file start_2.csv (CSV, C-alpha atoms)
chain,number,residue,atom,x,y,z
V,1,MET,CA,-3.8,-16.5,-5.5
V,2,ALA,CA,-2.0,-15.5,-8.8
V,3,TYR,CA,-3.3,-11.9,-8.5
V,4,GLU,CA,-2.0,-11.5,-5.0
V,5,GLN,CA,1.4,-13.0,-5.9
V,6,ILE,CA,1.7,-10.6,-8.8
V,7,ARG,CA,0.7,-7.6,-6.6
V,8,GLN,CA,3.4,-8.8,-4.2
V,9,LEU,CA,5.9,-8.9,-7.0
V,10,ALA,CA,5.3,-5.2,-7.7
V,11,ALA,CA,5.5,-4.3,-4.0
V,12,ARG,CA,8.7,-6.3,-3.5
V,13,TYR,CA,10.2,-4.4,-6.5
V,14,SER,CA,9.6,-1.1,-4.7
V,15,VAL,CA,10.9,-2.3,-1.4
V,16,ALA,CA,14.1,-3.8,-2.9
V,17,LEU,CA,14.8,-0.8,-5.1
V,18,ASP,CA,14.4,1.7,-2.3
V,19,ALA,CA,16.7,-0.4,-0.1
V,20,ARG,CA,19.2,-0.9,-2.9
V,21,ASP,CA,18.9,-4.6,-2.4
V,22,LEU,CA,20.1,-5.6,-5.9
V,23,ASP,CA,20.1,-9.3,-5.2
V,24,ALA,CA,16.4,-9.2,-4.1
V,25,LEU,CA,15.6,-6.9,-7.0
V,26,VAL,CA,17.0,-9.1,-9.8
V,27,ASP,CA,15.5,-12.2,-8.2
V,28,LEU,CA,12.1,-10.8,-9.1
V,29,TYR,CA,12.8,-11.4,-12.8
V,30,VAL,CA,13.0,-14.7,-14.8
V,31,PRO,CA,16.7,-15.9,-15.1
V,32,ASP,CA,16.9,-15.1,-18.8
V,33,VAL,CA,15.1,-11.7,-18.6
V,34,ARG,CA,15.3,-9.7,-21.8
V,35,ILE,CA,16.5,-6.2,-21.1
V,36,SER,CA,17.1,-4.9,-24.6
V,37,LYS,CA,17.8,-6.3,-28.1
V,38,THR,CA,21.3,-7.0,-27.1
V,39,LEU,CA,21.2,-7.6,-23.3
V,40,SER,CA,19.6,-10.3,-21.3
V,41,GLY,CA,20.0,-12.2,-18.0
V,42,ARG,CA,20.0,-11.2,-14.3
V,43,ASP,CA,23.7,-10.3,-14.3
V,44,ALA,CA,23.2,-7.7,-17.0
V,45,LEU,CA,20.0,-6.4,-15.3
V,46,ARG,CA,21.9,-6.1,-12.0
V,47,GLU,CA,24.6,-4.0,-13.7
V,48,LEU,CA,21.9,-1.8,-15.3
V,49,PHE,CA,20.2,-1.3,-11.9
V,50,ASP,CA,23.6,-0.6,-10.3
V,51,GLN,CA,24.4,2.1,-12.8
V,52,SER,CA,21.0,3.8,-12.8
V,53,LEU,CA,20.5,3.8,-9.1
V,54,ARG,CA,23.8,5.6,-8.5
V,55,THR,CA,22.3,8.6,-10.2
V,56,ILE,CA,19.7,9.1,-7.4
V,57,GLY,CA,19.9,9.0,-3.6
V,58,VAL,CA,16.9,8.2,-1.5
V,59,SER,CA,13.9,6.9,-3.3
V,60,PHE,CA,10.4,6.0,-2.0
V,61,LEU,CA,8.1,4.2,-4.5
V,62,ASN,CA,4.5,4.0,-3.4
V,63,ILE,CA,2.5,1.5,-5.4
V,64,GLY,CA,-1.2,2.2,-6.0
V,65,THR,CA,-3.6,0.9,-8.6
V,66,HIS,CA,-2.6,-2.4,-10.2
V,67,VAL,CA,-4.5,-3.9,-13.0
V,68,ILE,CA,-3.6,-7.5,-13.9
V,69,ASP,CA,-4.7,-9.6,-16.9
V,70,ILE,CA,-3.8,-13.3,-16.6
V,71,ASP,CA,-3.6,-15.3,-19.8
V,72,PRO,CA,-6.0,-18.2,-20.0
V,73,SER,CA,-3.0,-20.6,-19.9
V,74,GLY,CA,-2.2,-19.3,-16.4
V,75,GLU,CA,1.5,-19.1,-17.4
V,76,SER,CA,1.7,-15.4,-18.3
V,77,ALA,CA,0.1,-12.1,-17.5
V,78,THR,CA,0.3,-8.4,-18.2
V,79,GLY,CA,-0.3,-5.5,-15.8
V,80,ILE,CA,-0.3,-1.8,-15.3
V,81,VAL,CA,1.0,-0.4,-12.0
V,82,TYR,CA,0.5,3.2,-10.8
V,83,CYS,CA,3.3,4.5,-8.7
V,84,ARG,CA,4.2,7.8,-7.0
V,85,GLY,CA,7.9,8.1,-6.6
V,86,GLU,CA,9.6,10.5,-4.2
V,87,ILE,CA,13.3,10.8,-5.4
V,88,GLN,CA,16.5,12.5,-4.4
V,89,ASP,CA,17.6,13.4,-7.9
V,90,GLY,CA,21.3,13.7,-8.6
V,91,GLY,CA,22.7,11.2,-6.0
V,92,PRO,CA,23.0,10.9,-2.3
V,93,ASP,CA,24.6,14.4,-1.9
V,94,SER,CA,22.0,16.3,-3.9
V,95,ASP,CA,19.5,18.8,-2.4
V,96,GLN,CA,17.1,18.2,-5.3
V,97,TRP,CA,13.9,16.4,-4.4
V,98,ILE,CA,11.4,15.4,-7.1
V,99,THR,CA,8.1,13.7,-7.4
V,100,HIS,CA,7.4,11.3,-10.2
V,101,LEU,CA,4.0,10.0,-11.3
V,102,ILE,CA,4.7,6.7,-13.0
V,103,GLN,CA,2.9,3.9,-14.9
V,104,TYR,CA,4.7,0.6,-15.2
V,105,HIS,CA,3.6,-1.7,-17.9
V,106,ASP,CA,4.6,-5.2,-17.0
V,107,THR,CA,4.7,-8.7,-18.5
V,108,TYR,CA,4.8,-11.5,-15.9
V,109,ALA,CA,5.7,-15.2,-16.3
V,110,PHE,CA,4.7,-18.1,-14.0
V,111,LEU,CA,7.8,-20.4,-13.7
V,112,ASP,CA,8.5,-23.2,-11.2
V,113,GLY,CA,5.5,-22.3,-9.1
V,114,ARG,CA,6.3,-18.6,-8.8
V,115,TRP,CA,5.5,-15.4,-10.7
V,116,TYR,CA,8.3,-13.2,-12.0
V,117,PHE,CA,8.7,-10.2,-14.2
V,118,ALA,CA,9.2,-11.7,-17.7
V,119,LYS,CA,11.1,-8.7,-19.0
V,120,ASN,CA,12.4,-5.3,-17.9
V,121,ARG,CA,9.5,-3.1,-16.7
V,122,LYS,CA,8.3,-0.4,-19.1
V,123,HIS,CA,8.6,2.8,-17.1
V,124,LEU,CA,6.3,5.5,-18.4
V,125,LEU,CA,6.4,9.0,-16.8
V,126,VAL,CA,3.1,10.7,-16.4
V,127,ALA,CA,4.8,13.8,-14.8
V,128,GLY,CA,7.9,14.7,-12.8
V,129,TYR,CA,8.2,17.9,-10.8
V,130,GLU,CA,10.7,19.3,-8.4
V,131,GLN,CA,9.7,20.0,-4.8
V,132,ALA,CA,10.4,23.4,-3.3
V,133,ALA,CA,12.5,21.9,-0.5
V,134,SER,CA,14.1,18.5,0.0
V,135,PRO,CA,12.9,16.7,3.1
V,136,LEU,CA,16.5,15.4,3.5
V,137,GLY,CA,17.6,18.6,5.0
V,138,LEU,CA,15.3,18.3,8.0
V,139,PRO,CA,16.8,17.8,11.5
V,140,PRO,CA,16.4,14.3,12.9
V,141,ALA,CA,12.8,13.5,13.9
V,142,GLU,CA,13.8,11.4,17.0
V,143,TRP,CA,10.5,9.6,16.4
V,144,PRO,CA,8.2,8.9,18.3
V,145,ASN,CA,9.1,12.1,20.2
V,146,SER,CA,8.5,14.3,17.1
V,147,GLN,CA,6.4,13.6,14.0
V,148,THR,CA,8.5,15.8,11.7
V,149,GLY,CA,12.1,15.5,10.6
V,150,MET,CA,14.4,12.9,9.1
V,151,GLY,CA,14.0,9.3,10.1
V,152,SER,CA,16.6,6.5,10.0
V,153,ILE,CA,15.5,4.6,6.8
V,154,PRO,CA,17.1,3.9,4.4
V,155,ALA,CA,20.5,4.9,5.9
V,156,THR,CA,20.4,2.2,8.6
V,157,GLN,CA,19.6,-0.7,6.2
V,158,GLU,CA,22.5,-3.1,5.5
V,159,THR,CA,21.8,-3.3,1.8
V,160,TRP,CA,21.7,0.5,1.5
V,161,LYS,CA,25.1,0.8,3.3
V,162,ASN,CA,26.6,-2.0,1.2
V,163,PHE,CA,25.4,-0.4,-2.1
V,164,TRP,CA,27.1,3.0,-1.3
V,165,GLU,CA,30.3,1.5,0.1
V,166,LYS,CA,31.3,0.4,-3.5
call {"tool": "encode", "arguments": {"input": "start_2.csv", "output": "C-alpha cells"}}
result
Amino acid sequence: MAYEQIRQLAARYSVALDARDLDALVDLYVPDVRISKTLSGRDALRELFDQSLRTIGVSFLNIGTHVIDIDPSGESATGIVYCRGEIQDGGPDSDQWITHLIQYHDTYAFLDGRWYFAKNRKHLLVAGYEQAASPLGLPPAEWPNSQTGMGSIPATQETWKNFWEK
C-alpha cells in the first residue's frame, strides 16, 4: 500500500503542477517542508512555485519509472522518478516548445496516516531540447471529429484560469 500511495504522490504532483493548482501542489508536502537553507514551509513553497510556473505556459509532465525504497521504520522513504516534460518555455504567449527528460530524486515522509514529500524535490535534467514547432499553434482539434489540433486542456480548468488571472 505504501508503494502505491507514494506513486500516487508523484502522479498528483504532475497533475497539480500542469493544472497550476498550487493548493493541491503544496498539500503534497509536509507542513514544515524544507526548501533551502533559509526557506521552509508550505507558504514559502507556494510562492516559489508561483514564481517559477509563471516563466512557462502549458506543461505536460508524464511520469514513468518510479523506484521507491522504504526505510525499515516505515516512516520515511526515498525514490527516483523518471519524467518526460513537454513545456511551453517562456510563458503562455511563447512559441517555444521544449521537451525535458527529467529525474526527480525524492524524500518521502509518512505523517498522520499519509505519505508526503519531505522536502523540495531534486530536479535533475537529463536533457532538454527545443521542438521544431510548437503544438500550441495548431487549429482547434474539435475532438472527437479530428485527432489532430489543439484541445481544451488546460485552458478550461478553473485552477489554470485562476492562476493566470493574477
call {"tool": "atom_distance", "arguments": {"input": "start_2.csv", "atom1": "CA of Pro140 (chain V)", "atom2": "CA of Gly128 (chain V)"}}
result
27.1 Å
call {"tool": "closest_residue", "arguments": {"input": "start_2.csv", "among": "V:Trp164, V:Ala10, V:Asp71, V:Gly91", "to": "His105 (chain V)", "atoms": "all atoms listed in the file"}}
result
V:Ala10
call {"tool": "closest_atom_pairs", "arguments": {"input": "start_2.csv", "of": "region 62-153 of chain V", "to": "region 14-20 of chain V", "cutoff": "10 Å", "atoms": "only C-alpha atoms", "output": "tab-separated table"}}
result
residue	atom	partner	partner_atom	distance
V:Asn62	CA	V:Ser14	CA	7.3
V:Ile63	CA	V:Ser14	CA	7.6
V:Cys83	CA	V:Ser14	CA	9.3
V:Gly85	CA	V:Ser14	CA	9.5
V:Ile87	CA	V:Asp18	CA	9.7
V:Ile153	CA	V:Ala19	CA	8.6
call {"tool": "write_last_selection", "arguments": {"input": "start_2.csv", "atoms": "C-alpha atoms", "output": "tab-separated table (two decimals), in the frame of the given file"}}
result
chain	number	residue	atom	x	y	z
V	62	ASN	CA	4.50	4.00	-3.40
V	63	ILE	CA	2.50	1.50	-5.40
V	83	CYS	CA	3.30	4.50	-8.70
V	85	GLY	CA	7.90	8.10	-6.60
V	87	ILE	CA	13.30	10.80	-5.40
V	153	ILE	CA	15.50	4.60	6.80
call {"tool": "residues_around", "arguments": {"input": "start_2.csv", "residues": "region 29-35 of chain V", "least_positions_apart": "6", "cutoff": "6 Å", "atoms": "only C-alpha atoms", "output": "list of chain:residue names"}}
result
V:Gly41, V:Arg42, V:Tyr116, V:Phe117, V:Ala118, V:Lys119, V:Asn120
call {"tool": "atom_distance", "arguments": {"input": "start_2.csv", "atom1": "CA of Met150 (chain V)", "atom2": "CA of Gln51 (chain V)"}}
result
26.4 Å
call {"tool": "atom_distance", "arguments": {"input": "start_2.csv", "atom1": "CA of His66 (chain V)", "atom2": "CA of His100 (chain V)"}}
result
17.0 Å
call {"tool": "residues_around", "arguments": {"input": "start_2.csv", "residues": "Gly90 (chain V)", "least_positions_apart": "2", "cutoff": "6 Å", "atoms": "all atoms listed in the file", "output": "list in words"}}
result
Thr55, Ile56 and Ser94 of chain V
call {"tool": "closest_residue", "arguments": {"input": "start_2.csv", "among": "V:Gln96, V:Gln103, V:Gln147, V:Ile70", "to": "Glu4 (chain V)", "atoms": "only C-alpha atoms"}}
result
V:Ile70
call {"tool": "residues_around", "arguments": {"input": "start_2.csv", "residues": "Ala155 (chain V)", "least_positions_apart": "3", "cutoff": "12 Å", "atoms": "all atoms listed in the file", "output": "PyMOL selection string"}}
result
chain V and resi 18-20+57-59+92+136+150-152+158-165
call {"tool": "closest_residue", "arguments": {"input": "start_2.csv", "among": "V:Leu39, V:Leu53, V:Leu124, V:Leu28", "to": "Ile80 (chain V)", "atoms": "all atoms listed in the file"}}
result
V:Leu124
call {"tool": "closest_residue", "arguments": {"input": "start_2.csv", "among": "V:Ala2, V:Val81, V:Leu61, V:Ala24", "to": "Arg121 (chain V)", "atoms": "all atoms listed in the file"}}
result
V:Val81
call {"tool": "residues_around", "arguments": {"input": "start_2.csv", "residues": "Ala77 (chain V)", "least_positions_apart": "6", "cutoff": "9 Å", "atoms": "all atoms listed in the file", "output": "number ranges by chain"}}
result
V: 6, 68-71, 106-110
call {"tool": "closest_residue", "arguments": {"input": "start_2.csv", "among": "V:Tyr3, V:Trp97, V:Tyr104, V:Trp115", "to": "Ala133 (chain V)", "atoms": "all atoms listed in the file"}}
result
V:Trp97
call {"tool": "residues_around", "arguments": {"input": "start_2.csv", "residues": "Glu86 (chain V)", "least_positions_apart": "5", "cutoff": "6 Å", "atoms": "only C-alpha atoms", "output": "JSON, numbers by chain"}}
result
{"V": [59, 60, 98, 99]}
call {"tool": "closest_residue", "arguments": {"input": "start_2.csv", "among": "V:Gly113, V:Val126, V:Asp21, V:Ser40", "to": "Pro154 (chain V)", "atoms": "all atoms listed in the file"}}
result
V:Asp21
call {"tool": "decode", "arguments": {"input": "start_2.csv", "residues": "region 143-165 of chain V", "atoms": "N, CA and C atoms", "output": "short mmCIF file (atom, residue, chain, number, x, y, z; two decimals), in the first residue's frame"}}
result
data_model
loop_
_atom_site.label_atom_id
_atom_site.label_comp_id
_atom_site.auth_asym_id
_atom_site.auth_seq_id
_atom_site.Cartn_x
_atom_site.Cartn_y
_atom_site.Cartn_z
N TRP V 143 -12.13 17.66 -31.20
CA TRP V 143 -12.17 16.23 -30.90
C TRP V 143 -13.56 15.87 -30.41
N PRO V 144 -14.14 14.77 -30.80
CA PRO V 144 -13.57 13.60 -31.46
C PRO V 144 -13.64 13.63 -32.98
N ASN V 145 -14.08 14.72 -33.57
CA ASN V 145 -14.16 14.80 -35.03
C ASN V 145 -12.79 14.75 -35.69
N SER V 146 -11.77 15.27 -35.02
CA SER V 146 -10.42 15.28 -35.57
C SER V 146 -9.44 14.84 -34.50
N GLN V 147 -8.46 14.04 -34.88
CA GLN V 147 -7.45 13.54 -33.95
C GLN V 147 -6.27 14.50 -33.80
N THR V 148 -6.19 15.52 -34.65
CA THR V 148 -5.07 16.44 -34.58
C THR V 148 -5.57 17.86 -34.32
N GLY V 149 -4.75 18.62 -33.65
CA GLY V 149 -5.09 20.01 -33.34
C GLY V 149 -5.07 20.25 -31.84
N MET V 150 -5.37 21.47 -31.45
CA MET V 150 -5.37 21.87 -30.04
C MET V 150 -6.63 21.39 -29.35
N GLY V 151 -6.46 20.91 -28.14
CA GLY V 151 -7.57 20.51 -27.29
C GLY V 151 -7.97 21.65 -26.35
N SER V 152 -8.73 21.33 -25.34
CA SER V 152 -9.25 22.36 -24.44
C SER V 152 -8.51 22.44 -23.11
N ILE V 153 -7.69 21.45 -22.79
CA ILE V 153 -6.98 21.41 -21.52
C ILE V 153 -5.59 22.02 -21.73
N PRO V 154 -5.05 22.83 -20.88
CA PRO V 154 -5.52 23.18 -19.56
C PRO V 154 -6.39 24.44 -19.52
N ALA V 155 -6.59 25.10 -20.65
CA ALA V 155 -7.25 26.41 -20.66
C ALA V 155 -8.63 26.43 -20.04
N THR V 156 -9.33 25.30 -20.02
CA THR V 156 -10.68 25.27 -19.46
C THR V 156 -10.71 24.92 -17.98
N GLN V 157 -9.58 24.59 -17.39
CA GLN V 157 -9.54 24.24 -15.97
C GLN V 157 -9.61 25.50 -15.11
N GLU V 158 -10.44 25.47 -14.07
CA GLU V 158 -10.60 26.63 -13.19
C GLU V 158 -9.29 27.04 -12.53
N THR V 159 -8.50 26.06 -12.07
CA THR V 159 -7.23 26.40 -11.42
C THR V 159 -6.29 27.09 -12.39
N TRP V 160 -6.30 26.66 -13.65
CA TRP V 160 -5.46 27.27 -14.68
C TRP V 160 -5.90 28.71 -14.90
N LYS V 161 -7.19 28.93 -15.07
CA LYS V 161 -7.70 30.29 -15.30
C LYS V 161 -7.39 31.19 -14.10
N ASN V 162 -7.60 30.68 -12.90
CA ASN V 162 -7.33 31.47 -11.69
C ASN V 162 -5.86 31.84 -11.56
N PHE V 163 -4.98 30.92 -11.91
CA PHE V 163 -3.54 31.18 -11.81
C PHE V 163 -3.14 32.35 -12.71
N TRP V 164 -3.65 32.38 -13.92
CA TRP V 164 -3.24 33.40 -14.88
C TRP V 164 -4.02 34.70 -14.74
N GLU V 165 -5.09 34.74 -13.93
CA GLU V 165 -5.83 35.98 -13.71
C GLU V 165 -5.13 36.91 -12.73
#
